[in-house]
Amino acid sequence: MGEKIKIAQYWGAGCGGCDVALLDIDAMILDVHAIADVVFWPIGFDGKIKDIEAMPDKSITVSFYNGAIRNSENEHIAKLLRQKSVLMISFGSCACYGGTPGLANVTNRKEIFETVYKNTQSTDNPSFVVPQTHIKVKEGELELPEFYDTVKTLDEVVDVDYFMPGCPPTTNLIAMAVSAVAQYVTKGTPLPPKGAVIASDKTLCDECKRERVEKGRRIERIYQAYEIKPDPKKCLLDQGIICIGPATRAGCGAMCPNAQMPCRGCMGPTKGVMEQGASMLSALSSLLNITDAESKMSEEQIMELMMQVKDPLGTFYAFTLPKSALKRAVTERGRRKAVS
Amino acid sequence: MSTDATHNSSSTAGEIEKAFDPKLLVFCCNWCSYAGADLAGVSRLQMPPNFRVIRVMCSARVDPEFVLRAFERGADGVLVAGCHPADCHYIGGNYRTRRRIALLKMLIQQFGFDPDRLKLEWVSAGEGEKFQKTIVDFTNTVKELGPSPYRGGV
């Protein structure tokens with residue numbers, strides 16, 4: 001085999017878990033090492049952006065970008081890596097769907113700055129100093145990246161070749177991706193079609209080993225996960241615990257439900273579905289307590305029943321708010337303000 | 001976001017406000033509400049022309065995503081009309097619908113919309129007048145609310 005391929009891994013607005021996940025492939029990391037040189041990996045070693053800028057276009061074979069686009073630096077490096085790479089992989093839920101940082105789209109920069117730099121108990125900042133993009137000091141001008149109002153997904157700012165959802169992507173999925181790239185490099189095996197999601201096409205329930213009621217499924221009431229001790233064999237949703245499995249893509253091996261925790265939906269929507277939140281909202285509504293007395297129930301009673309879902313947006317869009325139809329929260333500007 | 005072609009995307013929020021002509025989307029189930037809407041039409045009942053009807057086989061066919069997409073594309077209000085409880089052609093479709101709409105109202109509120117921009121009403125095939133009244137009331141409610149906060153980009 002000739003020259004090694006080059007790979008890069010970058011983190012945008014993420015937690016670093018995706019970077020660690022790449023190491024979790026264990027001994028397979030040696031296979032990666034056998035075919036590839038890592039040219040840029042801020043969490044792993046010291047690398048300079050100017051070195052990447054100096055590389056010819058398309059000289060990096062694969063870039064793994066994890067984390068959402070929260071500020072101008074995230075966007076700049078996403079664009080830089082796209083320009084220098086043959087393949088751009090959106091790695092992890094934050095890059096693919098916005099992930100947990102994406103939940104900040106219920107608010108905006110102004111409110112975030114006010115909370116972080118003013119209102120938190122431990123903050124003492126009477127003149128309300130907040131990050132500036134440029135500031136002149138006697139030593140010269142200092143720069144900081146611009147903090148955006150809205151969190152974006154990677155594919156909103158650059159063209160993405162493959163998506164690898166998961167928080168973080170599981171070892172199996174990473175191994176699948178690594179071996180696909182390795183086969184492509186060494187044997188010329190064709191890659192999956194552009195835009196493919198490196199995971200299963202089925203729903204999470206398909207992988208889950210729990211027993212579910214097949215006909216006439218009904219939930220009487222909703223429980224928070226801490227309120228009951230669930231039967232370890234039965235479907236969590238059947239027991240009244242909101243599990244996002246029915247609206248979530250499989251590929252992770254249903255690790256959370258198998259460990260007695262409900263799925264929160266990090267693998268994103270299933271194939272062909274755009275809105276994971278709407279999909280789960282629909283599924284849950286169809287299960288909740290429909291009885292013979294239904295026709296006598298008033299709309300108020302129905303509202304009361306549904307109020308058991310304490311935080312629909314946070315529950316159904318825990319990982320996908322920036323990728324949802326509405327992308328972010330808005331503010332009524334009309335004559336009547338929304339009641340809070 | 002994409003603003004509908006019939007609304008000038010370059011107009012400011014203030015201009016839209018001045019000549020606010022709300023755009024409402026109405027989902028009617030095939031068996032009751034669409035027939036009710038039809039009855040309102042053939043009876044020549046007067047209604048403001050701000051609404052567009054989409055016929056669906058059942059109100060439960062209205063995927064919550066349809067409602068969110070409607071708001072995304074600049075609808076100022078969405079009305080879902082279906083058969084009265086116990087009258088659903090598919091026995092229990094409307095029971096799912098009313099759960100979804102209740103939950104959707106909570107959801108759109110978290111997205112910053114006034115929950116009154118989404119309405120559920122039961123309209124039977126014989127209730128042309130109720131359809132008319134529902135449209136008049138809903139148009140007035142949305143006029144009072146003003147343009148959707150999603151209009152003109154976020």
# chains A, B, ... in the order shown; residues from 1 in each chain; ligands from 1
call {"tool": "select_by_dssp", "arguments": {"residues": "range 35-120 of chain A", "states": "strand (DSSP E or B)", "output": "list in words"}}
result
Ala36, Asp37, Val38, Val39, Phe40, Ile60, Thr61, Val62, Ser63, Phe64, Tyr65, Asn66, Ala68, Ile69, Arg70, Asn71, Ser85, Val86, Leu87, Met88, Ile89, Ser90 and Phe91 of chain A
call {"tool": "write_last_selection", "arguments": {"atoms": "C-alpha atoms", "output": "CSV table (one decimal), in the first residue's frame"}}
result
chain,number,residue,atom,x,y,z
A,36,ALA,CA,-4.3,6.8,8.0
A,37,ASP,CA,-2.4,9.8,9.4
A,38,VAL,CA,-4.4,12.1,11.6
A,39,VAL,CA,-3.6,15.6,10.5
A,40,PHE,CA,-5.9,17.6,12.8
A,60,ILE,CA,-7.7,15.2,3.6
A,61,THR,CA,-9.5,12.0,2.8
A,62,VAL,CA,-12.1,12.1,5.6
A,63,SER,CA,-13.1,14.8,8.1
A,64,PHE,CA,-15.1,13.8,11.1
A,65,TYR,CA,-16.9,16.9,12.3
A,66,ASN,CA,-18.7,16.6,15.7
A,68,ALA,CA,-23.1,21.8,16.3
A,69,ILE,CA,-22.5,25.2,14.8
A,70,ARG,CA,-22.7,27.6,17.7
A,71,ASN,CA,-20.3,30.4,16.7
A,85,SER,CA,-11.6,17.1,2.4
A,86,VAL,CA,-12.8,14.6,0.0
A,87,LEU,CA,-15.4,13.3,2.5
A,88,MET,CA,-17.1,15.3,5.2
A,89,ILE,CA,-18.8,13.2,7.9
A,90,SER,CA,-21.3,14.8,10.2
A,91,PHE,CA,-20.3,12.9,13.4
call {"tool": "select_by_dssp", "arguments": {"residues": "range 1-153 of chain B", "states": "helix (DSSP H, G or I)", "output": "NGL selection string"}}
result
:B and (13-18 or 33-42 or 59-61 or 64-72 or 93-110 or 115-117 or 128-145)
call {"tool": "residues_around", "arguments": {"residues": "range 98-108 of chain A", "least_positions_apart": "3", "cutoff": "7 Å", "atoms": "only C-alpha atoms", "output": "MDAnalysis selection string"}}
result
(chainID A and resid 13 68 93:95 111:112 149:153 318:323 328:329) or (chainID B and resid 111)
call {"tool": "residues_around", "arguments": {"residues": "Lys202 in chain A", "least_positions_apart": "5", "cutoff": "12 Å", "atoms": "only C-alpha atoms", "output": "MDAnalysis selection string"}}
result
chainID A and resid 197 207:208 245:254 267:273
call {"tool": "write_last_selection", "arguments": {"atoms": "C-alpha atoms", "output": "PDB file, in the first residue's frame"}}
result
ATOM      1  CA  VAL A 197     -27.022   7.820   7.393  1.00  0.00           C
ATOM      2  CA  GLU A 207     -33.691  -3.614  18.102  1.00  0.00           C
ATOM      3  CA  CYS A 208     -35.129  -3.429  21.596  1.00  0.00           C
ATOM      4  CA  GLY A 245     -37.851   4.658  20.657  1.00  0.00           C
ATOM      5  CA  PRO A 246     -40.828   4.510  18.249  1.00  0.00           C
ATOM      6  CA  ALA A 247     -39.691   7.758  16.620  1.00  0.00           C
ATOM      7  CA  THR A 248     -35.963   7.020  16.690  1.00  0.00           C
ATOM      8  CA  ARG A 249     -33.611   5.418  14.230  1.00  0.00           C
ATOM      9  CA  ALA A 250     -32.083   2.101  15.211  1.00  0.00           C
ATOM     10  CA  GLY A 251     -28.375   1.335  15.062  1.00  0.00           C
ATOM     11  CA  CYS A 252     -27.327   1.824  18.654  1.00  0.00           C
ATOM     12  CA  GLY A 253     -28.515  -1.618  19.782  1.00  0.00           C
ATOM     13  CA  ALA A 254     -31.175  -0.056  22.049  1.00  0.00           C
ATOM     14  CA  MET A 267     -30.160   8.686  16.878  1.00  0.00           C
ATOM     15  CA  GLY A 268     -32.577  11.159  15.334  1.00  0.00           C
ATOM     16  CA  PRO A 269     -35.646  10.558  13.194  1.00  0.00           C
ATOM     17  CA  THR A 270     -36.176   7.322  11.311  1.00  0.00           C
ATOM     18  CA  LYS A 271     -35.681   6.987   7.581  1.00  0.00           C
ATOM     19  CA  GLY A 272     -37.977   9.228   5.569  1.00  0.00           C
ATOM     20  CA  VAL A 273     -39.128  11.201   8.620  1.00  0.00           C
TER      21      VAL A 273
END
call {"tool": "closest_residue", "arguments": {"among": "B:Leu120, B:Ala19, B:Leu107, B:Ala37", "to": "Leu68 in chain B", "atoms": "only C-alpha atoms"}}
result
B:Leu107
call {"tool": "interface_residues", "arguments": {"of": "chain B", "to": "chain A", "cutoff": "7 Å", "atoms": "only C-alpha atoms", "output": "list in words"}}
result
Asp63, Pro64, Glu65, Leu68, Arg69, Glu72, Pro85, Ala86, Arg96, Arg99, Arg100, Ala102, Leu103, Leu107, Gln110, Phe111, Gly112, Phe113, Asp114, Glu144, Leu145, Gly146, Pro147, Pro149, Tyr150 and Val154 of chain B
call {"tool": "write_last_selection", "arguments": {"atoms": "C-alpha atoms", "output": "PDB file, in the first residue's frame"}}
result
ATOM      1  CA  ASP B  63     -49.660  14.369  11.169  1.00  0.00           C
ATOM      2  CA  PRO B  64     -48.431  16.902  13.741  1.00  0.00           C
ATOM      3  CA  GLU B  65     -45.650  17.582  11.259  1.00  0.00           C
ATOM      4  CA  LEU B  68     -45.632  22.516  12.135  1.00  0.00           C
ATOM      5  CA  ARG B  69     -44.818  22.703   8.412  1.00  0.00           C
ATOM      6  CA  GLU B  72     -42.967  27.074   9.090  1.00  0.00           C
ATOM      7  CA  PRO B  85     -66.748  12.355  19.290  1.00  0.00           C
ATOM      8  CA  ALA B  86     -68.443   8.970  18.727  1.00  0.00           C
ATOM      9  CA  ARG B  96     -56.195  10.574  18.568  1.00  0.00           C
ATOM     10  CA  ARG B  99     -54.877  14.346  22.011  1.00  0.00           C
ATOM     11  CA  ARG B 100     -52.421  15.439  19.354  1.00  0.00           C
ATOM     12  CA  ALA B 102     -53.890  19.375  22.839  1.00  0.00           C
ATOM     13  CA  LEU B 103     -50.238  18.372  22.992  1.00  0.00           C
ATOM     14  CA  LEU B 107     -45.690  22.475  22.000  1.00  0.00           C
ATOM     15  CA  GLN B 110     -43.052  26.459  23.845  1.00  0.00           C
ATOM     16  CA  PHE B 111     -41.997  27.451  20.335  1.00  0.00           C
ATOM     17  CA  GLY B 112     -43.315  30.930  21.155  1.00  0.00           C
ATOM     18  CA  PHE B 113     -46.633  30.855  19.299  1.00  0.00           C
ATOM     19  CA  ASP B 114     -49.911  31.833  20.887  1.00  0.00           C
ATOM     20  CA  GLU B 144     -56.389  39.960  16.705  1.00  0.00           C
ATOM     21  CA  LEU B 145     -53.175  38.003  17.235  1.00  0.00           C
ATOM     22  CA  GLY B 146     -51.491  39.621  14.270  1.00  0.00           C
ATOM     23  CA  PRO B 147     -49.112  38.001  11.791  1.00  0.00           C
ATOM     24  CA  PRO B 149     -44.121  35.399  14.533  1.00  0.00           C
ATOM     25  CA  TYR B 150     -42.550  33.016  12.053  1.00  0.00           C
ATOM     26  CA  VAL B 154     -36.505  34.034  12.308  1.00  0.00           C
TER      27      VAL B 154
END
call {"tool": "atom_distance", "arguments": {"atom1": "CA of Asn94 in chain B", "atom2": "CA of Ile242 in chain A"}}
result
22.4 Å
call {"tool": "atom_distance", "arguments": {"atom1": "CA of Thr203 in chain A", "atom2": "CA of Cys263 in chain A"}}
result
11.5 Å
call {"tool": "residues_around", "arguments": {"residues": "Arg61 in chain B", "least_positions_apart": "6", "cutoff": "9 Å", "atoms": "only C-alpha atoms", "output": "PyMOL selection string"}}
result
chain B and resi 29+93+97
call {"tool": "atom_distance", "arguments": {"atom1": "CA of Pro169 in chain A", "atom2": "CA of Leu22 in chain A"}}
result
8.6 Å
call {"tool": "residues_around", "arguments": {"residues": "Ile49 in chain A", "least_positions_apart": "2", "cutoff": "12 Å", "atoms": "only C-alpha atoms", "output": "PyMOL selection string"}}
result
chain A and resi 8+10+39-42+46-47+51-55+73+76-78+80-81+84
call {"tool": "closest_residue", "arguments": {"among": "B:Met106, B:Cys28, B:Leu39, B:Ala60", "to": "Glu127 in chain B", "atoms": "only C-alpha atoms"}}
result
B:Leu39
call {"tool": "residues_around", "arguments": {"residues": "Ser124 in chain B", "least_positions_apart": "6", "cutoff": "9 Å", "atoms": "only C-alpha atoms", "output": "list in words"}}
result
Trp31, Cys32, Ser33, Tyr34, Ala35, Gly36, Gly82, Cys83, His84, Asp87, Lys130 and Phe131 of chain B
call {"tool": "write_last_selection", "arguments": {"atoms": "N, CA and C atoms", "output": "CSV table (one decimal), in the first residue's frame"}}
result
chain,number,residue,atom,x,y,z
B,31,TRP,N,-65.2,12.8,5.8
B,31,TRP,CA,-66.6,12.3,6.0
B,31,TRP,C,-67.5,13.3,6.7
B,32,CYS,N,-67.0,14.1,7.6
B,32,CYS,CA,-67.9,15.1,8.2
B,32,CYS,C,-67.6,16.5,7.8
B,33,SER,N,-66.4,17.0,8.2
B,33,SER,CA,-66.1,18.4,8.1
B,33,SER,C,-66.1,18.9,6.7
B,34,TYR,N,-65.5,18.1,5.8
B,34,TYR,CA,-65.5,18.6,4.4
B,34,TYR,C,-66.9,18.7,3.8
B,35,ALA,N,-67.7,17.8,4.2
B,35,ALA,CA,-69.1,17.9,3.8
B,35,ALA,C,-69.8,19.1,4.4
B,36,GLY,N,-69.4,19.3,5.7
B,36,GLY,CA,-69.9,20.5,6.4
B,36,GLY,C,-69.5,21.8,5.7
B,82,GLY,N,-62.9,17.9,12.4
B,82,GLY,CA,-63.2,16.5,12.3
B,82,GLY,C,-64.6,16.1,12.7
B,83,CYS,N,-64.9,14.8,12.7
B,83,CYS,CA,-66.2,14.4,13.2
B,83,CYS,C,-66.3,14.5,14.7
B,84,HIS,N,-67.6,14.7,15.1
B,84,HIS,CA,-67.8,14.8,16.6
B,84,HIS,C,-67.4,13.5,17.3
B,87,ASP,N,-68.6,9.9,16.5
B,87,ASP,CA,-69.1,9.9,15.1
B,87,ASP,C,-68.0,9.6,14.0
B,130,LYS,N,-72.2,25.9,11.5
B,130,LYS,CA,-71.1,25.8,12.5
B,130,LYS,C,-69.8,26.0,11.8
B,131,PHE,N,-69.7,25.5,10.6
B,131,PHE,CA,-68.4,25.7,9.8
B,131,PHE,C,-68.2,27.2,9.6
call {"tool": "closest_residue", "arguments": {"among": "A:Asp26, A:Asp206, A:Glu75, A:Glu3", "to": "Asp155 in chain A", "atoms": "only C-alpha atoms"}}
result
A:Glu75
